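File shown: entry_15.pdb (PDB, C-alpha atoms).
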```pdb
MODEL        1
ATOM      1  CA  MET A   8      -6.208 -33.638 -25.578
ATOM      2  CA  ARG A   9      -7.254 -35.522 -22.468
ATOM      3  CA  ASP A  10      -9.676 -33.899 -20.049
ATOM      4  CA  TYR A  11      -7.277 -32.828 -17.301
ATOM      5  CA  LYS A  12      -8.523 -31.729 -13.898
ATOM      6  CA  CYS A  13      -5.415 -30.238 -12.287
ATOM      7  CA  LEU A  14      -3.087 -27.738 -13.935
ATOM      8  CA  PHE A  15       0.404 -27.111 -12.587
ATOM      9  CA  TRP A  16       1.799 -23.806 -13.839
ATOM     10  CA  ASP A  17       5.393 -22.697 -14.085
ATOM     11  CA  PHE A  18       5.982 -19.088 -12.991
ATOM     12  CA  ASP A  19       8.769 -17.263 -14.874
ATOM     13  CA  GLY A  20       8.189 -17.268 -18.618
ATOM     14  CA  THR A  21       4.764 -18.875 -18.351
ATOM     15  CA  ILE A  22       2.661 -16.557 -16.190
ATOM     16  CA  VAL A  23       5.113 -13.771 -15.452
ATOM     17  CA  ASP A  24       7.266 -11.804 -17.870
ATOM     18  CA  SER A  25      10.218 -11.536 -15.538
ATOM     19  CA  PHE A  26      12.884 -10.969 -18.147
ATOM     20  CA  GLU A  27      13.714  -7.375 -17.246
ATOM     21  CA  GLY A  28      13.962  -8.035 -13.519
ATOM     22  CA  CYS A  29      15.878 -11.300 -13.790
ATOM     23  CA  SER A  30      18.175  -9.899 -16.468
ATOM     24  CA  PHE A  31      18.971  -6.946 -14.204
ATOM     25  CA  ALA A  32      19.910  -9.214 -11.283
ATOM     26  CA  PHE A  33      21.891 -11.643 -13.440
ATOM     27  CA  GLY A  34      23.703  -8.708 -15.016
ATOM     28  CA  LYS A  35      24.860  -7.487 -11.621
ATOM     29  CA  VAL A  36      26.145 -10.947 -10.713
ATOM     30  CA  PHE A  37      27.943 -11.323 -14.038
ATOM     31  CA  GLU A  38      29.449  -7.865 -13.653
ATOM     32  CA  HIS A  39      30.759  -8.755 -10.196
ATOM     33  CA  PHE A  40      32.500 -11.837 -11.562
ATOM     34  CA  GLY A  41      33.908  -9.990 -14.565
ATOM     35  CA  LEU A  42      31.620 -11.529 -17.184
ATOM     36  CA  ASN A  43      30.162  -9.561 -20.070
ATOM     37  CA  ILE A  44      26.953 -11.371 -21.013
ATOM     38  CA  PRO A  45      24.577  -9.012 -22.852
ATOM     39  CA  PRO A  46      20.852  -8.938 -22.003
ATOM     40  CA  GLU A  47      19.830 -10.691 -25.222
ATOM     41  CA  GLU A  48      21.800 -13.764 -24.101
ATOM     42  CA  ARG A  49      20.382 -13.980 -20.567
ATOM     43  CA  LYS A  50      17.062 -15.720 -21.281
ATOM     44  CA  GLN A  51      18.746 -19.102 -20.928
ATOM     45  CA  TYR A  52      19.411 -18.421 -17.250
ATOM     46  CA  ILE A  53      15.785 -17.670 -16.339
ATOM     47  CA  GLY A  54      13.939 -20.695 -15.008
ATOM     48  CA  PRO A  55      16.623 -23.180 -13.934
ATOM     49  CA  PRO A  56      17.480 -23.314 -10.216
ATOM     50  CA  LEU A  57      19.954 -20.573  -9.341
ATOM     51  CA  LYS A  58      22.076 -23.074  -7.452
ATOM     52  CA  ASP A  59      22.575 -25.191 -10.568
ATOM     53  CA  THR A  60      23.270 -22.190 -12.790
ATOM     54  CA  PHE A  61      25.807 -20.560 -10.513
ATOM     55  CA  THR A  62      27.532 -23.820  -9.602
ATOM     56  CA  LYS A  63      28.147 -24.490 -13.298
ATOM     57  CA  MET A  64      29.354 -20.940 -13.885
ATOM     58  CA  PHE A  65      31.367 -20.196 -10.755
ATOM     59  CA  GLY A  66      31.964 -23.473  -8.925
ATOM     60  CA  GLU A  67      30.618 -24.830  -5.650
ATOM     61  CA  GLU A  68      32.639 -22.494  -3.432
ATOM     62  CA  ARG A  69      31.463 -19.267  -5.055
ATOM     63  CA  GLU A  70      27.906 -20.401  -5.807
ATOM     64  CA  PRO A  71      26.362 -19.398  -2.423
ATOM     65  CA  PHE A  72      27.715 -15.849  -2.706
ATOM     66  CA  ALA A  73      26.556 -15.537  -6.323
ATOM     67  CA  ARG A  74      23.077 -16.659  -5.305
ATOM     68  CA  GLU A  75      22.888 -14.210  -2.414
ATOM     69  CA  LEU A  76      24.121 -11.415  -4.669
ATOM     70  CA  TYR A  77      21.437 -12.237  -7.220
ATOM     71  CA  ARG A  78      18.726 -12.214  -4.581
ATOM     72  CA  GLU A  79      19.969  -8.920  -3.195
ATOM     73  CA  TYR A  80      19.510  -7.232  -6.570
ATOM     74  CA  TYR A  81      16.319  -9.104  -7.419
ATOM     75  CA  ILE A  82      14.514  -8.720  -4.093
ATOM     76  CA  ASN A  83      16.012  -5.639  -2.443
ATOM     77  CA  GLN A  84      17.391  -3.567  -5.310
ATOM     78  CA  GLY A  85      14.358  -3.424  -7.581
ATOM     79  CA  GLY A  86      14.575  -6.432  -9.868
ATOM     80  CA  GLN A  87      11.352  -7.962  -8.591
ATOM     81  CA  ASN A  88       9.503  -4.700  -9.233
ATOM     82  CA  MET A  89      10.441  -4.870 -12.924
ATOM     83  CA  CYS A  90       8.434  -8.074 -13.411
ATOM     84  CA  LYS A  91       4.885  -8.127 -14.742
ATOM     85  CA  LEU A  92       2.215 -10.547 -15.841
ATOM     86  CA  PHE A  93       2.136 -11.365 -19.526
ATOM     87  CA  ASP A  94      -0.500  -9.275 -21.293
ATOM     88  CA  GLY A  95      -4.002 -10.442 -20.441
ATOM     89  CA  MET A  96      -2.763 -13.171 -18.103
ATOM     90  CA  ALA A  97      -4.879 -12.114 -15.110
ATOM     91  CA  GLU A  98      -8.068 -12.460 -17.135
ATOM     92  CA  ILE A  99      -6.846 -15.670 -18.785
ATOM     93  CA  LEU A 100      -6.064 -17.345 -15.459
ATOM     94  CA  ALA A 101      -9.397 -16.296 -13.974
ATOM     95  CA  LYS A 102     -11.265 -17.612 -17.005
ATOM     96  CA  ILE A 103      -9.466 -20.953 -17.035
ATOM     97  CA  LYS A 104     -10.096 -21.295 -13.299
ATOM     98  CA  SER A 105     -13.799 -20.645 -13.930
ATOM     99  CA  PHE A 106     -13.884 -23.688 -16.211
ATOM    100  CA  GLY A 107     -13.538 -25.813 -13.066
ATOM    101  CA  TYR A 108      -9.851 -26.704 -13.034
ATOM    102  CA  LYS A 109      -7.798 -26.948  -9.864
ATOM    103  CA  MET A 110      -4.714 -24.830 -10.442
ATOM    104  CA  PHE A 111      -1.319 -24.849  -8.740
ATOM    105  CA  ILE A 112       2.018 -23.113  -9.140
ATOM    106  CA  ALA A 113       5.108 -25.347  -9.436
ATOM    107  CA  THR A 114       8.191 -23.160  -9.778
ATOM    108  CA  SER A 115      11.911 -23.161  -9.065
ATOM    109  CA  LYS A 116      11.488 -19.649  -7.672
ATOM    110  CA  ARG A 117      11.569 -19.407  -3.897
ATOM    111  CA  GLU A 118       8.098 -20.329  -2.687
ATOM    112  CA  ASP A 119       7.531 -17.285  -0.488
ATOM    113  CA  ILE A 120       8.601 -14.887  -3.234
ATOM    114  CA  ALA A 121       6.310 -16.552  -5.783
ATOM    115  CA  SER A 122       3.345 -16.258  -3.409
ATOM    116  CA  GLU A 123       4.144 -12.630  -2.651
ATOM    117  CA  MET A 124       4.376 -11.707  -6.319
ATOM    118  CA  LEU A 125       1.157 -13.504  -7.244
ATOM    119  CA  LYS A 126      -0.602 -11.599  -4.484
ATOM    120  CA  GLU A 127       0.794  -8.286  -5.747
ATOM    121  CA  PHE A 128      -0.340  -9.131  -9.267
ATOM    122  CA  GLY A 129      -3.841  -9.891  -7.960
ATOM    123  CA  VAL A 130      -3.960 -13.504  -9.178
ATOM    124  CA  LEU A 131      -3.126 -15.500  -6.047
ATOM    125  CA  SER A 132      -6.801 -16.421  -5.656
ATOM    126  CA  CYS A 133      -6.664 -18.257  -8.999
ATOM    127  CA  PHE A 134      -4.480 -20.941  -7.434
ATOM    128  CA  ASP A 135      -5.283 -23.703  -4.995
ATOM    129  CA  GLY A 136      -1.651 -23.909  -3.900
ATOM    130  CA  VAL A 137       1.772 -22.389  -4.577
ATOM    131  CA  PHE A 138       4.817 -24.675  -4.507
ATOM    132  CA  GLY A 139       8.375 -23.561  -5.044
ATOM    133  CA  THR A 140      11.914 -23.855  -3.753
ATOM    134  CA  VAL A 141      12.169 -24.360   0.007
ATOM    135  CA  GLU A 142      15.816 -25.087   0.676
ATOM    136  CA  SER A 143      15.313 -25.826   4.376
ATOM    137  CA  GLU A 144      13.036 -28.712   3.386
ATOM    138  CA  GLY A 145      15.232 -29.941   0.558
ATOM    139  CA  ARG A 146      12.953 -28.875  -2.298
ATOM    140  CA  VAL A 147      15.175 -27.283  -4.933
ATOM    141  CA  ASP A 148      15.020 -29.410  -8.092
ATOM    142  CA  LYS A 149      11.949 -28.836 -10.255
ATOM    143  CA  LYS A 150      11.060 -32.523 -10.278
ATOM    144  CA  ASP A 151      11.029 -32.618  -6.472
ATOM    145  CA  ILE A 152       8.921 -29.461  -6.293
ATOM    146  CA  LEU A 153       6.434 -30.849  -8.815
ATOM    147  CA  ALA A 154       6.249 -34.232  -7.099
ATOM    148  CA  TYR A 155       5.585 -32.517  -3.769
ATOM    149  CA  ALA A 156       2.922 -30.314  -5.359
ATOM    150  CA  VAL A 157       1.120 -33.326  -6.821
ATOM    151  CA  THR A 158       1.215 -35.132  -3.471
ATOM    152  CA  LYS A 159      -0.174 -32.114  -1.645
ATOM    153  CA  SER A 160      -2.876 -31.615  -4.286
ATOM    154  CA  GLY A 161      -4.153 -35.151  -3.777
ATOM    155  CA  ALA A 162      -4.605 -35.477  -7.538
ATOM    156  CA  LEU A 163      -4.159 -38.546  -9.707
ATOM    157  CA  LEU A 164      -1.287 -38.215 -12.172
ATOM    158  CA  ASN A 165      -3.536 -38.988 -15.138
ATOM    159  CA  ASP A 166      -5.570 -35.913 -14.224
ATOM    160  CA  CYS A 167      -2.510 -33.611 -14.055
ATOM    161  CA  LEU A 168      -0.840 -31.386 -16.634
ATOM    162  CA  MET A 169       2.342 -29.315 -16.316
ATOM    163  CA  ILE A 170       2.401 -25.998 -18.198
ATOM    164  CA  GLY A 171       5.789 -24.399 -18.753
ATOM    165  CA  ASP A 172       8.314 -22.804 -21.068
ATOM    166  CA  SER A 173      11.552 -24.678 -20.436
ATOM    167  CA  ILE A 174      13.169 -28.069 -20.686
ATOM    168  CA  TYR A 175      13.179 -28.182 -16.887
ATOM    169  CA  ASP A 176       9.384 -28.226 -16.907
ATOM    170  CA  ALA A 177       9.320 -31.051 -19.442
ATOM    171  CA  LEU A 178      11.948 -33.039 -17.552
ATOM    172  CA  ALA A 179      10.116 -32.591 -14.250
ATOM    173  CA  ALA A 180       6.812 -33.672 -15.775
ATOM    174  CA  LYS A 181       8.419 -36.746 -17.309
ATOM    175  CA  ALA A 182      10.148 -37.669 -14.049
ATOM    176  CA  VAL A 183       6.916 -37.359 -12.085
ATOM    177  CA  GLY A 184       4.847 -39.137 -14.749
ATOM    178  CA  MET A 185       2.518 -36.433 -16.032
ATOM    179  CA  ASP A 186       1.964 -34.724 -19.387
ATOM    180  CA  CYS A 187       3.473 -31.351 -20.236
ATOM    181  CA  LEU A 188       2.202 -28.459 -22.346
ATOM    182  CA  ALA A 189       4.819 -26.070 -23.763
ATOM    183  CA  VAL A 190       4.446 -22.313 -24.224
ATOM    184  CA  SER A 191       6.681 -20.735 -26.842
ATOM    185  CA  TYR A 192       6.212 -17.127 -25.699
ATOM    186  CA  GLY A 193       8.459 -17.690 -22.669
ATOM    187  CA  PHE A 194      12.209 -17.933 -22.236
ATOM    188  CA  GLY A 195      12.957 -21.575 -23.002
ATOM    189  CA  ASN A 196      13.417 -23.651 -26.129
ATOM    190  CA  VAL A 197      10.234 -25.528 -27.038
ATOM    191  CA  GLU A 198      12.098 -27.688 -29.550
ATOM    192  CA  ASN A 199      14.188 -29.074 -26.713
ATOM    193  CA  MET A 200      11.014 -29.549 -24.689
ATOM    194  CA  SER A 201       9.412 -31.525 -27.508
ATOM    195  CA  LYS A 202      12.371 -33.910 -27.524
ATOM    196  CA  ILE A 203      11.641 -34.708 -23.879
ATOM    197  CA  GLY A 204       7.928 -34.985 -24.548
ATOM    198  CA  THR A 205       5.127 -32.421 -24.739
ATOM    199  CA  ILE A 206       1.521 -32.922 -25.797
ATOM    200  CA  VAL A 207       0.978 -29.526 -27.415
ATOM    201  CA  CYS A 208       2.625 -26.124 -27.805
ATOM    202  CA  VAL A 209       0.883 -22.745 -27.635
ATOM    203  CA  ASP A 210       2.358 -19.544 -29.033
ATOM    204  CA  THR A 211       0.460 -16.869 -27.085
ATOM    205  CA  PRO A 212      -1.205 -16.605 -23.670
ATOM    206  CA  ASN A 213      -4.594 -16.237 -25.391
ATOM    207  CA  ASP A 214      -4.090 -19.640 -27.020
ATOM    208  CA  LEU A 215      -4.313 -21.165 -23.547
ATOM    209  CA  LEU A 216      -7.981 -20.234 -23.433
ATOM    210  CA  LYS A 217      -8.620 -22.251 -26.577
ATOM    211  CA  VAL A 218      -6.839 -25.271 -25.145
ATOM    212  CA  PHE A 219      -8.653 -25.308 -21.811
ATOM    213  CA  ALA A 220     -12.104 -24.029 -22.752
ATOM    214  CA  LYS A 221     -14.955 -26.269 -21.662
TER     215      LYS A 221
ENDMDL
END
```
Encoded form using structure tokens:
Amino acid sequence: MRDYKCLFWDFDGTIVDSFEGCSFAFGKVFEHFGLNIPPEERKQYIGPPLKDTFTKMFGEEREPFARELYREYYINQGGQNMCKLFDGMAEILAKIKSFGYKMFIATSKREDIASEMLKEFGVLSCFDGVFGTVESEGRVDKKDILAYAVTKSGALLNDCLMIGDSIYDALAAKAVGMDCLAVSYGFGNVENMSKIGTIVCVDTPNDLLKVFAK
């Protein structure tokens, strides 16, 4: 593997085990719209932009309400508090940072929420920047968020690596022109990611240490 200098991390399913919290909020939205989608089938909805997911499910007219309803349950009704770092992730991130990498978050989650959660988890200091959805500035699609993050980082693309668990991470990396590493312990399908193009796949958070050790 090439000697990368800048690592761009996805949030949900890569650093944070947000299944319980996201599943709770999605469940409330589905219930409102009369859908019965059990928890074991909700992983597919974690990671993609909410706007895309709800537009496909409910149409353009009902999408804004569905998104606000989701955020109400996620932010204000306890969903966010159900999320946690994957086991050992705080130590893993700190160790990888100590190897000399510049590290950034590139997530479809709202940027302010991602920063707040990283601070609560005690790992915000591991990152040189946090980049996420900012609708007022037109950054919603993962590829646009990642491209903006790379520009702000000042890094060369050949020095950059995206780390994520979903096809959206692989697609964004390909669109921007950087490599992508897949993690299979998250919520996405790494086989689909490999079809887009990934350089390696790791099965546990601890495996990340082996990949990035210097």
I need the output of the PyMOL selection byres ((chain A and resi 9) around 10) for this file as an MDAnalysis selection string; which residues are they? chainID A and resid 8 10:12 165:168 186 206
Write out the residues from the selection above, keeping C-alpha atoms, as a PDB file, keeping the file's coordinate frame.
```pdb
ATOM      1  CA  MET A   8      -6.208 -33.638 -25.578  1.00  0.00           C
ATOM      2  CA  ASP A  10      -9.676 -33.899 -20.049  1.00  0.00           C
ATOM      3  CA  TYR A  11      -7.277 -32.828 -17.301  1.00  0.00           C
ATOM      4  CA  LYS A  12      -8.523 -31.729 -13.898  1.00  0.00           C
ATOM      5  CA  ASN A 165      -3.536 -38.988 -15.138  1.00  0.00           C
ATOM      6  CA  ASP A 166      -5.570 -35.913 -14.224  1.00  0.00           C
ATOM      7  CA  CYS A 167      -2.510 -33.611 -14.055  1.00  0.00           C
ATOM      8  CA  LEU A 168      -0.840 -31.386 -16.634  1.00  0.00           C
ATOM      9  CA  ASP A 186       1.964 -34.724 -19.387  1.00  0.00           C
ATOM     10  CA  ILE A 206       1.521 -32.922 -25.797  1.00  0.00           C
TER      11      ILE A 206
END
```
Result set of the PyMOL selection byres ((chain A and resi 18) around 10) on the coordinates above, as a PDB file with C-alpha atoms, in the frame of the given file:
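Done, and the output landed in expr09.pdb:
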```pdb
ATOM      1  CA  PHE A  15       0.404 -27.111 -12.587  1.00  0.00           C
ATOM      2  CA  TRP A  16       1.799 -23.806 -13.839  1.00  0.00           C
ATOM      3  CA  ASP A  17       5.393 -22.697 -14.085  1.00  0.00           C
ATOM      4  CA  ASP A  19       8.769 -17.263 -14.874  1.00  0.00           C
ATOM      5  CA  GLY A  20       8.189 -17.268 -18.618  1.00  0.00           C
ATOM      6  CA  THR A  21       4.764 -18.875 -18.351  1.00  0.00           C
ATOM      7  CA  ILE A  22       2.661 -16.557 -16.190  1.00  0.00           C
ATOM      8  CA  VAL A  23       5.113 -13.771 -15.452  1.00  0.00           C
ATOM      9  CA  ASP A  24       7.266 -11.804 -17.870  1.00  0.00           C
ATOM     10  CA  SER A  25      10.218 -11.536 -15.538  1.00  0.00           C
ATOM     11  CA  GLY A  54      13.939 -20.695 -15.008  1.00  0.00           C
ATOM     12  CA  LEU A  92       2.215 -10.547 -15.841  1.00  0.00           C
ATOM     13  CA  ILE A 112       2.018 -23.113  -9.140  1.00  0.00           C
ATOM     14  CA  ALA A 113       5.108 -25.347  -9.436  1.00  0.00           C
ATOM     15  CA  THR A 114       8.191 -23.160  -9.778  1.00  0.00           C
ATOM     16  CA  SER A 115      11.911 -23.161  -9.065  1.00  0.00           C
ATOM     17  CA  LYS A 116      11.488 -19.649  -7.672  1.00  0.00           C
ATOM     18  CA  ALA A 121       6.310 -16.552  -5.783  1.00  0.00           C
ATOM     19  CA  LEU A 125       1.157 -13.504  -7.244  1.00  0.00           C
ATOM     20  CA  VAL A 137       1.772 -22.389  -4.577  1.00  0.00           C
ATOM     21  CA  GLY A 139       8.375 -23.561  -5.044  1.00  0.00           C
ATOM     22  CA  ILE A 170       2.401 -25.998 -18.198  1.00  0.00           C
ATOM     23  CA  GLY A 171       5.789 -24.399 -18.753  1.00  0.00           C
ATOM     24  CA  ASP A 172       8.314 -22.804 -21.068  1.00  0.00           C
TER      25      ASP A 172
END
```
What do you get, as a compact mmCIF listing (two decimals) with C-alpha atoms, in the coordinates of the input, if you spell out every residue that the PyMOL selection byres ((chain A and resi 61) around 10) selects here?
```txt
# COMPACT_ATOMS: atom_id res chain seq x y z
CA VAL A 36 26.14 -10.95 -10.71
CA TYR A 52 19.41 -18.42 -17.25
CA PRO A 56 17.48 -23.31 -10.22
CA LEU A 57 19.95 -20.57 -9.34
CA LYS A 58 22.08 -23.07 -7.45
CA ASP A 59 22.58 -25.19 -10.57
CA THR A 60 23.27 -22.19 -12.79
CA THR A 62 27.53 -23.82 -9.60
CA LYS A 63 28.15 -24.49 -13.30
CA MET A 64 29.35 -20.94 -13.88
CA PHE A 65 31.37 -20.20 -10.76
CA GLY A 66 31.96 -23.47 -8.93
CA GLU A 67 30.62 -24.83 -5.65
CA ARG A 69 31.46 -19.27 -5.06
CA GLU A 70 27.91 -20.40 -5.81
CA PRO A 71 26.36 -19.40 -2.42
CA PHE A 72 27.72 -15.85 -2.71
CA ALA A 73 26.56 -15.54 -6.32
CA ARG A 74 23.08 -16.66 -5.30
CA TYR A 77 21.44 -12.24 -7.22
```
Taken to one decimal, the CA of Gly204 in chain A-CA of Gly161 in chain A distance is 24.0 Å
Polymer residues at most 10 Å from Asn88 in chain A, all atoms listed in the file, same-chain spacing of 5 or more positions, as an MDAnalysis selection string: chainID A and resid 25 27:28 81:83 124
Around (-11.3, -19.7, -11.4) in the file's frame, which residues reach within 9 Å when counting all atoms listed in the file? Return as an MDAnalysis selection string? chainID A and resid 100:110 132:134
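Distance annotation: of A:Ser191, A:Thr140, A:Ser201, A:Asn196, the residue with the minimal separation from Asp214 in chain A is A:Ser191; atom set is all atoms listed in the file.
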Suppose you want the space between CA of Phe194 in chain A and CA of Lys50 in chain A; what is it in Å?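 That distance, rounded to one decimal, is 5.4 Å.
We find CA of Ile99 in chain A and CA of Gly195 in chain A to be spaced 21.1 Å apart.
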